[in-house]
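Chemist: Just so it is clear, I am handing over start-v3.txt, which has compact mmCIF, C-alpha atoms and all ligand atoms.
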```
# COMPACT_ATOMS: atom_id res chain seq x y z
CA MET A 283 123.12 115.69 126.61
CA THR A 284 123.30 112.97 129.25
CA SER A 285 123.92 109.97 127.03
CA ASN A 286 124.95 107.21 129.36
CA HIS A 287 125.79 104.26 127.08
CA PHE A 288 122.59 102.38 126.32
CA ALA A 289 121.90 98.90 127.66
CA SER A 290 118.66 97.56 129.11
CA ARG A 291 117.93 94.77 131.54
CA PHE A 292 115.24 92.20 130.82
CA GLU A 293 112.63 90.86 133.20
CA PRO A 294 110.56 88.22 131.38
CA ASN A 295 106.79 88.14 131.86
CA PRO A 296 105.88 85.01 133.86
CA ASN A 297 102.26 85.42 132.74
CA ALA A 298 102.93 85.89 129.04
CA LYS A 299 100.06 84.98 126.72
CA THR A 300 100.12 81.42 125.42
CA ASP A 301 100.93 80.77 121.74
CA GLY A 302 97.25 80.08 121.13
CA GLN A 303 96.06 83.29 122.81
CA ARG A 304 98.61 85.35 120.90
CA GLU A 305 97.79 83.77 117.55
CA ALA A 306 94.08 84.40 118.07
CA ILE A 307 94.86 88.10 118.63
CA LEU A 308 97.22 88.28 115.63
CA ASP A 309 94.52 86.83 113.35
CA ASN A 310 92.41 89.94 113.84
CA PRO A 311 94.33 92.55 115.84
CA GLY A 312 92.36 95.72 114.95
CA PHE A 313 94.16 98.87 116.10
CA GLY A 314 95.27 99.79 119.62
CA ASN A 315 93.28 97.08 121.38
CA HIS A 316 95.91 94.50 122.27
CA PHE A 317 99.38 94.89 123.74
CA THR A 318 102.40 92.62 123.79
CA ASP A 319 103.81 90.80 126.84
CA HIS A 320 106.42 93.46 127.70
CA MET A 321 107.00 97.18 127.85
CA PHE A 322 110.11 99.33 127.93
CA LEU A 323 110.72 101.83 130.75
CA ALA A 324 113.49 104.30 131.66
CA GLU A 325 113.73 107.15 134.16
CA TRP A 326 115.32 110.57 134.12
CA THR A 327 116.27 112.94 136.91
CA PRO A 328 118.58 115.96 136.70
CA GLY A 329 121.13 114.10 138.84
CA THR A 330 121.22 110.73 137.05
CA GLY A 331 120.31 111.69 133.49
CA TRP A 332 118.61 108.81 131.64
CA ALA A 333 118.90 105.62 133.67
CA ASP A 334 117.35 102.28 134.59
CA ALA A 335 116.48 101.13 131.05
CA ARG A 336 114.46 97.95 131.34
CA VAL A 337 112.12 95.64 129.45
CA VAL A 338 109.57 94.40 131.98
CA PRO A 339 106.18 92.62 132.00
CA TYR A 340 103.47 94.78 130.43
CA GLY A 341 101.11 96.11 133.07
CA PRO A 342 99.53 99.13 134.78
CA LEU A 343 101.70 102.04 135.89
CA MET A 344 101.16 103.09 139.50
CA LEU A 345 100.71 106.86 139.58
CA ASP A 346 100.44 109.01 142.68
CA PRO A 347 97.40 111.30 142.30
CA ALA A 348 99.76 114.30 142.45
CA THR A 349 101.88 113.08 139.51
CA ALA A 350 102.55 116.20 137.45
CA VAL A 351 101.42 114.86 134.04
CA LEU A 352 97.87 114.31 135.36
CA HIS A 353 97.58 118.03 136.08
CA TYR A 354 99.69 119.93 133.55
CA ALA A 355 99.85 117.53 130.57
CA GLN A 356 103.64 117.59 130.25
CA GLU A 357 103.66 114.61 127.88
CA ILE A 358 104.87 113.75 124.36
CA PHE A 359 104.66 110.65 122.21
CA GLU A 360 105.73 109.02 118.98
CA GLY A 361 104.21 106.46 116.63
CA LEU A 362 106.02 104.10 114.29
CA LYS A 363 105.67 100.55 113.04
CA ALA A 364 107.71 97.36 112.80
CA TYR A 365 107.18 95.39 109.58
CA VAL A 366 107.75 91.67 109.03
CA HIS A 367 109.39 90.97 105.67
CA GLU A 368 108.89 87.89 103.50
CA ASP A 369 111.98 86.16 105.02
CA GLY A 370 110.73 86.71 108.60
CA SER A 371 113.12 89.56 109.44
CA ILE A 372 111.60 92.57 111.27
CA TRP A 373 112.30 96.18 110.28
CA SER A 374 111.39 99.69 111.33
CA PHE A 375 111.04 102.66 108.97
CA ARG A 376 113.14 105.80 109.55
CA PRO A 377 113.22 105.40 113.36
CA GLU A 378 115.97 108.04 113.59
CA ALA A 379 113.43 110.56 112.26
CA ASN A 380 111.07 109.65 115.12
CA ALA A 381 113.93 109.89 117.63
CA GLU A 382 114.83 113.37 116.38
CA ARG A 383 111.21 114.53 116.33
CA MET A 384 110.79 113.30 119.89
CA GLN A 385 113.82 115.40 120.86
CA ARG A 386 112.20 118.47 119.26
CA SER A 387 108.90 117.71 121.01
CA ALA A 388 110.76 117.26 124.32
CA HIS A 389 112.43 120.64 123.89
CA ARG A 390 109.07 122.38 123.36
CA LEU A 391 107.47 120.67 126.36
CA ALA A 392 110.51 121.34 128.61
CA LEU A 393 111.16 117.60 128.90
CA PRO A 394 114.67 116.09 128.77
CA GLU A 395 115.79 114.95 125.32
CA LEU A 396 116.17 111.19 124.93
CA PRO A 397 119.41 110.39 123.03
CA THR A 398 118.87 108.73 119.65
CA ASP A 399 120.79 105.58 120.71
CA TRP A 400 118.38 105.19 123.65
CA PHE A 401 115.36 105.61 121.40
CA LEU A 402 116.65 103.07 118.86
CA GLY A 403 117.79 100.73 121.65
CA SER A 404 114.37 100.86 123.34
CA ILE A 405 112.63 99.88 120.08
CA ARG A 406 115.17 97.13 119.36
CA ASP A 407 115.02 95.58 122.84
CA LEU A 408 111.21 95.63 123.12
CA VAL A 409 110.62 94.26 119.60
CA THR A 410 113.29 91.61 120.14
CA ALA A 411 111.63 90.48 123.38
CA ASP A 412 108.17 90.44 121.75
CA ARG A 413 109.11 89.43 118.19
CA ALA A 414 106.49 86.66 118.19
CA TRP A 415 103.91 89.50 118.38
CA ALA A 416 104.89 91.07 115.05
CA PRO A 417 102.13 89.96 112.69
CA SER A 418 102.90 89.06 109.09
CA GLY A 419 100.79 89.00 105.97
CA GLY A 420 98.66 91.68 104.33
CA GLU A 421 99.42 95.12 105.67
CA LYS A 422 99.69 94.01 109.28
CA SER A 423 102.37 95.53 111.50
CA LEU A 424 103.49 95.92 115.10
CA TYR A 425 102.60 99.50 116.07
CA LEU A 426 105.11 101.04 118.48
CA ARG A 427 104.14 103.83 120.84
CA PRO A 428 107.07 105.54 122.62
CA PHE A 429 105.98 108.21 125.12
CA MET A 430 107.44 110.38 127.83
CA TYR A 431 105.70 112.03 130.77
CA ALA A 432 106.25 114.17 133.84
CA SER A 433 106.33 111.58 136.64
CA GLU A 434 107.37 113.83 139.52
CA VAL A 435 104.91 113.93 142.42
CA PHE A 436 104.56 117.68 142.76
CA LEU A 437 101.82 120.23 142.07
CA GLY A 438 104.11 123.22 141.59
CA VAL A 439 104.12 124.59 138.05
CA ARG A 440 107.60 123.99 136.63
CA PRO A 441 109.25 121.33 134.45
CA SER A 442 109.13 117.94 136.15
CA GLN A 443 112.29 116.78 137.91
CA HIS A 444 111.40 113.13 137.35
CA VAL A 445 110.49 111.97 133.86
CA THR A 446 109.55 108.50 132.65
CA TYR A 447 110.06 107.23 129.10
CA ALA A 448 108.11 104.17 128.00
CA VAL A 449 107.45 102.13 124.87
CA ILE A 450 104.47 99.84 124.38
CA ALA A 451 103.74 97.72 121.32
CA SER A 452 100.40 96.79 119.79
CA PRO A 453 99.77 94.44 116.86
CA ALA A 454 97.84 96.27 114.15
CA GLY A 455 95.68 94.92 111.34
CA ALA A 456 95.54 96.43 107.86
CA TYR A 457 94.03 99.91 108.12
CA PHE A 458 91.89 99.24 105.03
CA PRO A 459 91.17 95.49 105.19
CA GLY A 460 88.71 95.75 102.30
CA GLY A 461 90.96 97.86 100.06
CA VAL A 462 91.83 101.56 100.29
CA GLU A 463 88.71 103.70 100.72
CA ALA A 464 88.24 107.44 100.35
CA VAL A 465 86.84 109.39 103.33
CA SER A 466 85.04 112.72 103.85
CA ILE A 467 86.65 115.46 105.92
CA TRP A 468 84.90 118.10 108.05
CA LEU A 469 86.19 121.67 107.93
CA SER A 470 86.23 123.09 111.45
CA SER A 471 85.14 126.72 111.27
CA GLU A 472 85.21 127.37 114.99
CA TYR A 473 88.25 125.53 116.35
CA SER A 474 91.96 125.47 115.61
CA ARG A 475 94.27 122.58 116.45
CA ALA A 476 97.25 124.77 117.27
CA GLY A 477 98.15 128.43 117.43
CA THR A 478 101.12 130.59 116.53
CA GLY A 479 103.83 130.02 119.13
CA GLY A 480 101.91 127.07 120.56
CA THR A 481 102.68 123.37 120.53
CA GLY A 482 101.39 122.44 117.04
CA ALA A 483 104.79 121.24 115.82
CA ALA A 484 105.29 119.04 118.89
CA LYS A 485 103.72 115.59 119.10
CA CYS A 486 102.05 116.05 122.47
CA GLY A 487 98.90 114.61 123.96
CA GLY A 488 97.54 118.09 124.65
CA ASN A 489 97.16 118.79 120.92
CA TYR A 490 95.04 115.67 120.63
CA ALA A 491 92.89 116.66 123.62
CA ALA A 492 92.11 119.93 121.82
CA SER A 493 91.13 118.07 118.64
CA LEU A 494 88.56 115.73 120.19
CA LEU A 495 85.60 118.13 120.33
CA PRO A 496 85.94 119.17 116.65
CA GLN A 497 86.49 115.47 115.85
CA GLN A 498 83.14 114.72 117.50
CA GLU A 499 81.55 117.47 115.37
CA ALA A 500 83.05 115.82 112.27
CA ALA A 501 81.57 112.46 113.21
CA GLN A 502 78.15 114.09 113.68
CA HIS A 503 78.39 115.27 110.07
CA GLY A 504 79.36 111.81 108.83
CA CYS A 505 83.02 112.72 108.38
CA ALA A 506 86.02 110.61 109.36
CA GLN A 507 88.37 113.46 110.33
CA VAL A 508 88.66 117.24 110.76
CA ALA A 509 90.67 119.69 108.65
CA PHE A 510 92.14 122.56 110.64
CA LEU A 511 93.01 126.04 109.39
CA ASP A 512 95.57 128.44 110.84
CA SER A 513 94.43 130.13 114.04
CA THR A 514 95.23 133.73 112.99
CA GLU A 515 93.53 134.25 109.63
CA HIS A 516 91.39 131.07 109.46
CA LYS A 517 92.48 130.93 105.85
CA TRP A 518 95.46 128.60 105.47
CA VAL A 519 95.07 124.84 105.43
CA GLU A 520 97.20 123.18 108.10
CA GLU A 521 96.42 119.48 108.57
CA LEU A 522 94.02 116.95 110.06
CA GLY A 523 94.00 116.03 113.75
CA GLY A 524 96.76 113.48 113.21
CA MET A 525 97.60 113.42 109.50
CA ASN A 526 99.24 115.76 106.97
CA LEU A 527 97.58 116.79 103.68
CA PHE A 528 98.56 116.63 99.99
CA PHE A 529 96.89 118.08 96.88
CA VAL A 530 97.44 116.62 93.39
CA HIS A 531 97.02 119.21 90.64
CA SER A 532 95.90 118.63 87.05
CA ASP A 533 99.28 119.91 85.80
CA GLY A 534 100.97 116.97 87.58
CA SER A 535 102.33 118.95 90.50
CA ILE A 536 101.84 117.75 94.08
CA VAL A 537 101.44 120.38 96.79
CA THR A 538 101.56 120.10 100.59
CA PRO A 539 101.15 122.95 103.10
CA GLU A 540 104.57 124.27 104.08
CA LEU A 541 105.63 123.77 107.70
CA SER A 542 104.25 126.85 109.39
CA GLY A 543 105.37 126.22 112.96
CA SER A 544 101.93 124.90 113.89
CA ILE A 545 101.95 121.87 111.57
CA LEU A 546 103.35 118.55 112.80
CA GLU A 547 106.20 117.39 110.57
CA GLY A 548 105.12 113.87 109.61
CA VAL A 549 107.69 111.24 108.74
CA THR A 550 105.18 109.94 106.18
CA ARG A 551 104.82 113.47 104.74
CA ASP A 552 108.58 113.78 104.37
CA SER A 553 108.85 110.31 102.80
CA ILE A 554 106.07 111.09 100.31
CA LEU A 555 107.80 114.32 99.28
CA GLN A 556 110.80 112.16 98.30
CA ILE A 557 108.80 109.32 96.72
CA ALA A 558 106.73 111.73 94.61
CA ARG A 559 109.99 113.29 93.38
CA ASP A 560 111.36 109.81 92.63
CA LEU A 561 108.20 109.10 90.62
CA GLY A 562 108.87 112.24 88.56
CA TYR A 563 106.34 114.66 90.04
CA ASP A 564 106.96 118.31 90.65
CA VAL A 565 106.64 118.59 94.45
CA ILE A 566 105.90 121.92 96.09
CA GLU A 567 105.72 122.97 99.75
CA ARG A 568 103.80 126.24 100.02
CA ARG A 569 100.80 127.82 101.67
CA VAL A 570 97.43 126.43 100.53
CA SER A 571 94.34 128.50 101.23
CA ILE A 572 90.95 127.00 101.96
CA ASP A 573 89.59 128.82 98.89
CA GLU A 574 92.19 127.11 96.71
CA TRP A 575 91.00 123.72 98.04
CA ARG A 576 87.31 124.55 97.46
CA ASP A 577 87.73 126.24 94.08
CA GLY A 578 90.43 123.87 92.82
CA THR A 579 88.31 120.76 93.37
CA ALA A 580 85.32 122.53 91.75
CA ASP A 581 87.17 123.69 88.61
CA GLY A 582 89.24 120.52 88.29
CA SER A 583 92.67 122.08 88.85
CA ILE A 584 92.93 119.88 91.97
CA THR A 585 92.28 116.29 90.92
CA GLU A 586 93.13 114.32 94.07
CA VAL A 587 93.45 115.08 97.78
CA PHE A 588 94.94 112.72 100.33
CA ALA A 589 96.07 112.60 103.96
CA CYS A 590 99.06 110.71 105.31
CA GLY A 591 100.42 109.37 108.60
CA THR A 592 102.02 106.25 110.01
CA ALA A 593 98.80 104.48 111.01
CA ALA A 594 96.87 104.62 107.70
CA VAL A 595 99.91 105.46 105.48
CA VAL A 596 97.83 107.30 102.85
CA THR A 597 94.08 107.95 103.03
CA PRO A 598 92.32 109.33 99.93
CA ILE A 599 89.92 112.21 100.64
CA SER A 600 86.70 112.09 98.65
CA SER A 601 85.26 115.38 99.84
CA LEU A 602 85.54 118.35 102.17
CA LYS A 603 82.32 119.29 103.96
CA TRP A 604 81.42 122.41 105.90
CA ASP A 605 78.25 124.08 107.18
CA GLY A 606 76.23 124.47 103.98
CA GLY A 607 78.59 123.03 101.39
CA GLU A 608 80.79 120.27 100.06
CA ALA A 609 83.77 120.10 97.69
CA VAL A 610 84.20 116.70 96.04
CA SER A 611 87.67 115.83 94.73
CA GLY A 612 87.82 114.10 91.32
CA ASP A 613 85.13 111.41 91.09
CA GLY A 614 85.11 110.88 94.87
CA GLU A 615 87.11 107.65 94.60
CA ALA A 616 90.77 106.95 95.48
CA GLY A 617 92.79 108.63 92.71
CA LYS A 618 95.49 106.94 90.64
CA ILE A 619 98.39 109.11 91.81
CA THR A 620 97.31 108.74 95.45
CA THR A 621 97.18 104.96 95.02
CA ASP A 622 100.56 104.83 93.22
CA ILE A 623 102.28 106.84 95.95
CA ARG A 624 100.71 104.71 98.66
CA SER A 625 101.86 101.47 96.98
CA ALA A 626 105.37 102.82 96.42
CA LEU A 627 105.72 103.65 100.12
CA VAL A 628 104.16 100.43 101.44
CA ASP A 629 106.35 98.35 99.07
CA ILE A 630 109.48 99.91 100.57
CA GLN A 631 108.22 99.37 104.13
CA TYR A 632 107.49 95.68 103.51
CA GLY A 633 110.76 95.08 101.65
CA ARG A 634 109.11 94.51 98.25
CA ALA A 635 110.81 97.50 96.60
CA ALA A 636 114.39 98.76 96.71
CA ASP A 637 115.18 100.94 99.73
CA ARG A 638 116.96 103.65 97.73
CA HIS A 639 117.16 106.14 100.56
CA GLY A 640 118.32 103.80 103.35
CA TRP A 641 115.06 104.22 105.27
CA LEU A 642 114.77 100.67 106.63
CA HIS A 643 116.41 99.71 109.89
CA GLN A 644 116.67 96.02 110.72
CA ILE A 645 115.54 95.08 114.24
CA VAL A 646 115.43 91.28 114.14
CA PRO A 647 117.34 89.26 111.50
CA ALA A 648 115.73 86.50 109.41
C1 LIG B 1 101.84 111.99 114.20
C2 LIG B 1 101.13 113.08 113.46
C3 LIG B 1 101.15 113.19 112.06
C4 LIG B 1 101.76 112.14 111.16
O1 LIG B 1 103.11 111.91 111.41
P1 LIG B 1 103.79 110.57 110.88
O2 LIG B 1 105.19 110.69 111.36
O3 LIG B 1 103.69 110.58 109.41
O4 LIG B 1 103.05 109.44 111.49
C5 LIG B 1 100.53 114.27 111.48
N1 LIG B 1 99.91 115.22 112.23
C6 LIG B 1 99.86 115.14 113.57
C7 LIG B 1 99.16 116.19 114.34
C8 LIG B 1 100.48 114.07 114.24
O5 LIG B 1 100.40 114.00 115.57
```
Any chance you could put this one into structure tokens?

Modeler:
Amino acid sequence: MTSNHFASRFEPNPNAKTDGQREAILDNPGFGNHFTDHMFLAEWTPGTGWADARVVPYGPLMLDPATAVLHYAQEIFEGLKAYVHEDGSIWSFRPEANAERMQRSAHRLALPELPTDWFLGSIRDLVTADRAWAPSGGEKSLYLRPFMYASEVFLGVRPSQHVTYAVIASPAGAYFPGGVEAVSIWLSSEYSRAGTGGTGAAKCGGNYAASLLPQQEAAQHGCAQVAFLDSTEHKWVEELGGMNLFFVHSDGSIVTPELSGSILEGVTRDSILQIARDLGYDVIERRVSIDEWRDGTADGSITEVFACGTAAVVTPISSLKWDGGEAVSGDGEAGKITTDIRSALVDIQYGRAADRHGWLHQIVPA
């Protein structure tokens, strides 16, 4: 791997937001609406390897209309958060896991792998430059979006010979400002998110493009998200469009669909597997059929269902709906075990509970 030692140059934004403008945004940031004063960029070519790491003023990217990504979707991304602790220090959560997943995604999309020290360095240098943008209080965070795309100007179909890596940062409000709320999920009977041998295990924009039409169908049925089944048998539960699934059983076991090759391996999923074990639950990764979900919630052997991912952390699922039916989990409210697991994870992320597994990574000291 071409790991030139990492160092970035810094070009400050002469038109940075004023303290007042920034504070107004941080009071009520929402999600994905506002961006910090800077962005991180680096370039790759076969000859130079990764080069030209820089933190520069945030702004539009100039793309030639023949830029490869606009035609063939050779693009991957990541999502993680920076958390402000009580003492003002800023931390990220398992960023090495995101770096390694981005390398796996890059491999699948025939993009160059970004070395872990570059990934961690890009996060550190951008968050350090824009540390005033990391909101504190409640469950606010600074959402970080690393991404990589085919930036070669060429319409031939082959892996791009110029690739750009970028990181942007966006202050994020609490996902559930009024307290954690359970949501309904739509079961897509017609569409799959990913197929055998496809890109389901890679975090690529193309997977999201394929999920938007079923997502629209979900919204039309009053559901927040879509549950996808495997593409071969339409029988095995995979995940939501951007979150992994967990099932709490009445015998105290906690089950999540095993990684099938078309499920995205969430960092939150992996962390919850460990936290549930730490809390004394029997944790099982195995196949879960759609009949087990329907019948289990009906006969009470499944007591709670929840989804997980970086943005919302843990979202309780009140019911699964499909054409002509509905399966309500428990009493349709956020369950106790779901809530306990969510709190345990959030407490580690915000430095309120011991970090037993060395998951926190300091970016900016107190
Ligand atoms: C990003 C993502 C997840 C969640 O991953 P986290 O690392 O927990 O944020 C789950 N499913 C899909 C399809 C994703 O893209």

Chemist: Within 10 Å of His503 (chain A), counting all atoms listed in the file, which residues qualify if same-chain residues fewer than 6 places away don't, as a PDB file with C-alpha atoms, keeping the file's coordinate frame?

Modeler:
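Result written to selection_15.pdb:
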```pdb
ATOM      1  CA  SER A 466      85.040 112.720 103.850  1.00  0.00           C
ATOM      2  CA  ILE A 467      86.650 115.460 105.920  1.00  0.00           C
ATOM      3  CA  TRP A 468      84.900 118.100 108.050  1.00  0.00           C
ATOM      4  CA  GLN A 497      86.490 115.470 115.850  1.00  0.00           C
ATOM      5  CA  LYS A 603      82.320 119.290 103.960  1.00  0.00           C
ATOM      6  CA  TRP A 604      81.420 122.410 105.900  1.00  0.00           C
ATOM      7  CA  ASP A 605      78.250 124.080 107.180  1.00  0.00           C
TER       8      ASP A 605
END
```

Chemist: Give me, please, the distance in Å between CA of Cys590 (chain A) and CA of Thr550 (chain A), quoted to one decimal.

Modeler: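 These two atoms are separated by 6.2 Å.
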
Chemist: With all atoms listed in the file as the basis for distance, which of A:Gly617, A:Gly419, A:Pro428, A:Gly633 is at the shortest distance from ligand LIG 1 (chain B)?

Modeler: A:Pro428

Chemist: Would you compute the box with edges along x, y and z of the file around region 364-379 of chain A, including every atom the file lists for it and 8 Å extra on each side, and give its centre and edge lengths in Å to one decimal, as lines of an AutoDock Vina configuration file?

Modeler:
```
center_x = 111.6
center_y = 98.4
center_z = 108.5
size_x = 24.8
size_y = 40.4
size_z = 26.1
```

Chemist: When you draw a straight line from CA of Ser374 (chain A) to CA of Gly460 (chain A), how long is it in Å?

Modeler: 24.7 Å

Chemist: Taking all atoms listed in the file into account, report as a PDB file with C-alpha atoms, keeping the file's coordinate frame which residues have an atom no farther than 10 Å from an atom of ligand LIG 1 (chain B).

Modeler:
```pdb
ATOM      1  CA  ILE A 358     104.870 113.750 124.360  1.00  0.00           C
ATOM      2  CA  PHE A 359     104.660 110.650 122.210  1.00  0.00           C
ATOM      3  CA  GLU A 360     105.730 109.020 118.980  1.00  0.00           C
ATOM      4  CA  GLY A 361     104.210 106.460 116.630  1.00  0.00           C
ATOM      5  CA  LEU A 362     106.020 104.100 114.290  1.00  0.00           C
ATOM      6  CA  LYS A 363     105.670 100.550 113.040  1.00  0.00           C
ATOM      7  CA  ARG A 376     113.140 105.800 109.550  1.00  0.00           C
ATOM      8  CA  PRO A 377     113.220 105.400 113.360  1.00  0.00           C
ATOM      9  CA  ALA A 379     113.430 110.560 112.260  1.00  0.00           C
ATOM     10  CA  ASN A 380     111.070 109.650 115.120  1.00  0.00           C
ATOM     11  CA  ARG A 383     111.210 114.530 116.330  1.00  0.00           C
ATOM     12  CA  ARG A 475      94.270 122.580 116.450  1.00  0.00           C
ATOM     13  CA  ALA A 476      97.250 124.770 117.270  1.00  0.00           C
ATOM     14  CA  GLY A 482     101.390 122.440 117.040  1.00  0.00           C
ATOM     15  CA  ALA A 483     104.790 121.240 115.820  1.00  0.00           C
ATOM     16  CA  ALA A 484     105.290 119.040 118.890  1.00  0.00           C
ATOM     17  CA  LYS A 485     103.720 115.590 119.100  1.00  0.00           C
ATOM     18  CA  CYS A 486     102.050 116.050 122.470  1.00  0.00           C
ATOM     19  CA  GLY A 487      98.900 114.610 123.960  1.00  0.00           C
ATOM     20  CA  ASN A 489      97.160 118.790 120.920  1.00  0.00           C
ATOM     21  CA  TYR A 490      95.040 115.670 120.630  1.00  0.00           C
ATOM     22  CA  SER A 493      91.130 118.070 118.640  1.00  0.00           C
ATOM     23  CA  GLU A 520      97.200 123.180 108.100  1.00  0.00           C
ATOM     24  CA  GLU A 521      96.420 119.480 108.570  1.00  0.00           C
ATOM     25  CA  LEU A 522      94.020 116.950 110.060  1.00  0.00           C
ATOM     26  CA  GLY A 523      94.000 116.030 113.750  1.00  0.00           C
ATOM     27  CA  GLY A 524      96.760 113.480 113.210  1.00  0.00           C
ATOM     28  CA  MET A 525      97.600 113.420 109.500  1.00  0.00           C
ATOM     29  CA  ASN A 526      99.240 115.760 106.970  1.00  0.00           C
ATOM     30  CA  LEU A 527      97.580 116.790 103.680  1.00  0.00           C
ATOM     31  CA  SER A 544     101.930 124.900 113.890  1.00  0.00           C
ATOM     32  CA  ILE A 545     101.950 121.870 111.570  1.00  0.00           C
ATOM     33  CA  LEU A 546     103.350 118.550 112.800  1.00  0.00           C
ATOM     34  CA  GLU A 547     106.200 117.390 110.570  1.00  0.00           C
ATOM     35  CA  GLY A 548     105.120 113.870 109.610  1.00  0.00           C
ATOM     36  CA  VAL A 549     107.690 111.240 108.740  1.00  0.00           C
ATOM     37  CA  THR A 550     105.180 109.940 106.180  1.00  0.00           C
ATOM     38  CA  ARG A 551     104.820 113.470 104.740  1.00  0.00           C
ATOM     39  CA  ASP A 552     108.580 113.780 104.370  1.00  0.00           C
ATOM     40  CA  SER A 553     108.850 110.310 102.800  1.00  0.00           C
ATOM     41  CA  ILE A 554     106.070 111.090 100.310  1.00  0.00           C
ATOM     42  CA  ALA A 589      96.070 112.600 103.960  1.00  0.00           C
ATOM     43  CA  CYS A 590      99.060 110.710 105.310  1.00  0.00           C
ATOM     44  CA  GLY A 591     100.420 109.370 108.600  1.00  0.00           C
ATOM     45  CA  THR A 592     102.020 106.250 110.010  1.00  0.00           C
ATOM     46  CA  ALA A 593      98.800 104.480 111.010  1.00  0.00           C
ATOM     47  CA  ALA A 594      96.870 104.620 107.700  1.00  0.00           C
ATOM     48  CA  VAL A 595      99.910 105.460 105.480  1.00  0.00           C
ATOM     49  CA  VAL A 596      97.830 107.300 102.850  1.00  0.00           C
TER      50      VAL A 596
END
```

Chemist: Quote the spacing between CA of Asp622 (chain A) and CA of Ser452 (chain A) in Å to one decimal place.

Modeler: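 We find that CA of Asp622 (chain A) and CA of Ser452 (chain A) lie 27.8 Å from each other.
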
Chemist: Write out as a VMD selection string which residues come within 6 Å of Ser600 (chain A) when counting all atoms listed in the file, dropping same-chain ones fewer than 3 positions away.

Modeler: chain A and resid 464 to 466 610 to 611 614

Chemist: Please provide the set of residues having any atom within 10 Å of Ala348 (chain A), restricted to all atoms listed in the file, with same-chain residues fewer than 3 positions apart removed, written as number ranges by chain.

Modeler: A: 345, 351-353, 433-438

Chemist: Wanna dump the region 360-435 of chain A-region 290-308 of chain A contacts at 10 Å for me, each residue with its shortest atom pair and the distance in Å to one decimal, counting only C-alpha atoms, ordered by chain and number, as CSV?

Modeler:
```
residue,atom,partner,partner_atom,distance
A:Trp400,CA,A:Ser290,CA,9.4
A:Gly403,CA,A:Ser290,CA,8.2
A:Ser404,CA,A:Ser290,CA,7.9
A:Asp407,CA,A:Ser290,CA,7.5
A:Leu408,CA,A:Phe292,CA,9.3
A:Ala411,CA,A:Pro294,CA,8.4
A:Ala414,CA,A:Arg304,CA,8.4
A:Trp415,CA,A:Arg304,CA,7.2
A:Ala416,CA,A:Leu308,CA,8.2
A:Pro417,CA,A:Leu308,CA,6.0
A:Ser418,CA,A:Leu308,CA,8.7
A:Lys422,CA,A:Leu308,CA,8.9
A:Ser423,CA,A:Leu308,CA,9.8
A:Leu424,CA,A:Leu308,CA,9.9
```

Chemist: Please provide the set of residues having any atom within 8 Å of Pro311 (chain A), restricted to all atoms listed in the file, with same-chain residues fewer than 3 positions apart removed, written as a PyMOL selection string.

Modeler: chain A and resi 307-308+315-316+453-455

Chemist: Return the single residue from A:Asp637, A:Glu567, A:Asp512, A:Glu463 that is closest to Phe588 (chain A), with distances computed using only C-alpha atoms.

Modeler: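 Between A:Asp637, A:Glu567, A:Asp512, A:Glu463, the residue approaching Phe588 (chain A) most closely is A:Glu463.
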
Chemist: When you count all atoms listed in the file, which of these residues is closest to Leu426 (chain A): A:Ser601, A:Thr318, A:Gln644, A:Ser371?

Modeler: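 Looking only at the distances to Leu426 (chain A), the closest residue turns out to be A:Thr318.
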
Chemist: Need to verify the contact set: Tyr563 (chain A), 7 Å, all atoms listed in the file, exclusion of same-chain residues closer than 6 positions in sequence. Can you return it as a VMD selection string?

Modeler: chain A and resid 534 to 536

Chemist: Identify which of the residues A:Thr579, A:Thr410, A:Thr330, A:Thr514 lies closest to Gly479 (chain A), counting only C-alpha atoms when measuring atom-to-atom distances.

Modeler: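 Closest to Gly479 (chain A) of all the choices is A:Thr514.
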
Chemist: Compare A:Ser470, A:Gln356, A:Gly562, A:Ala609 by their minimum atom-to-atom distance to Asp581 (chain A), counting all atoms listed in the file, and give me the closest one.

Modeler: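 Nearest candidate to Asp581 (chain A) out of A:Ser470, A:Gln356, A:Gly562, A:Ala609: A:Ala609.
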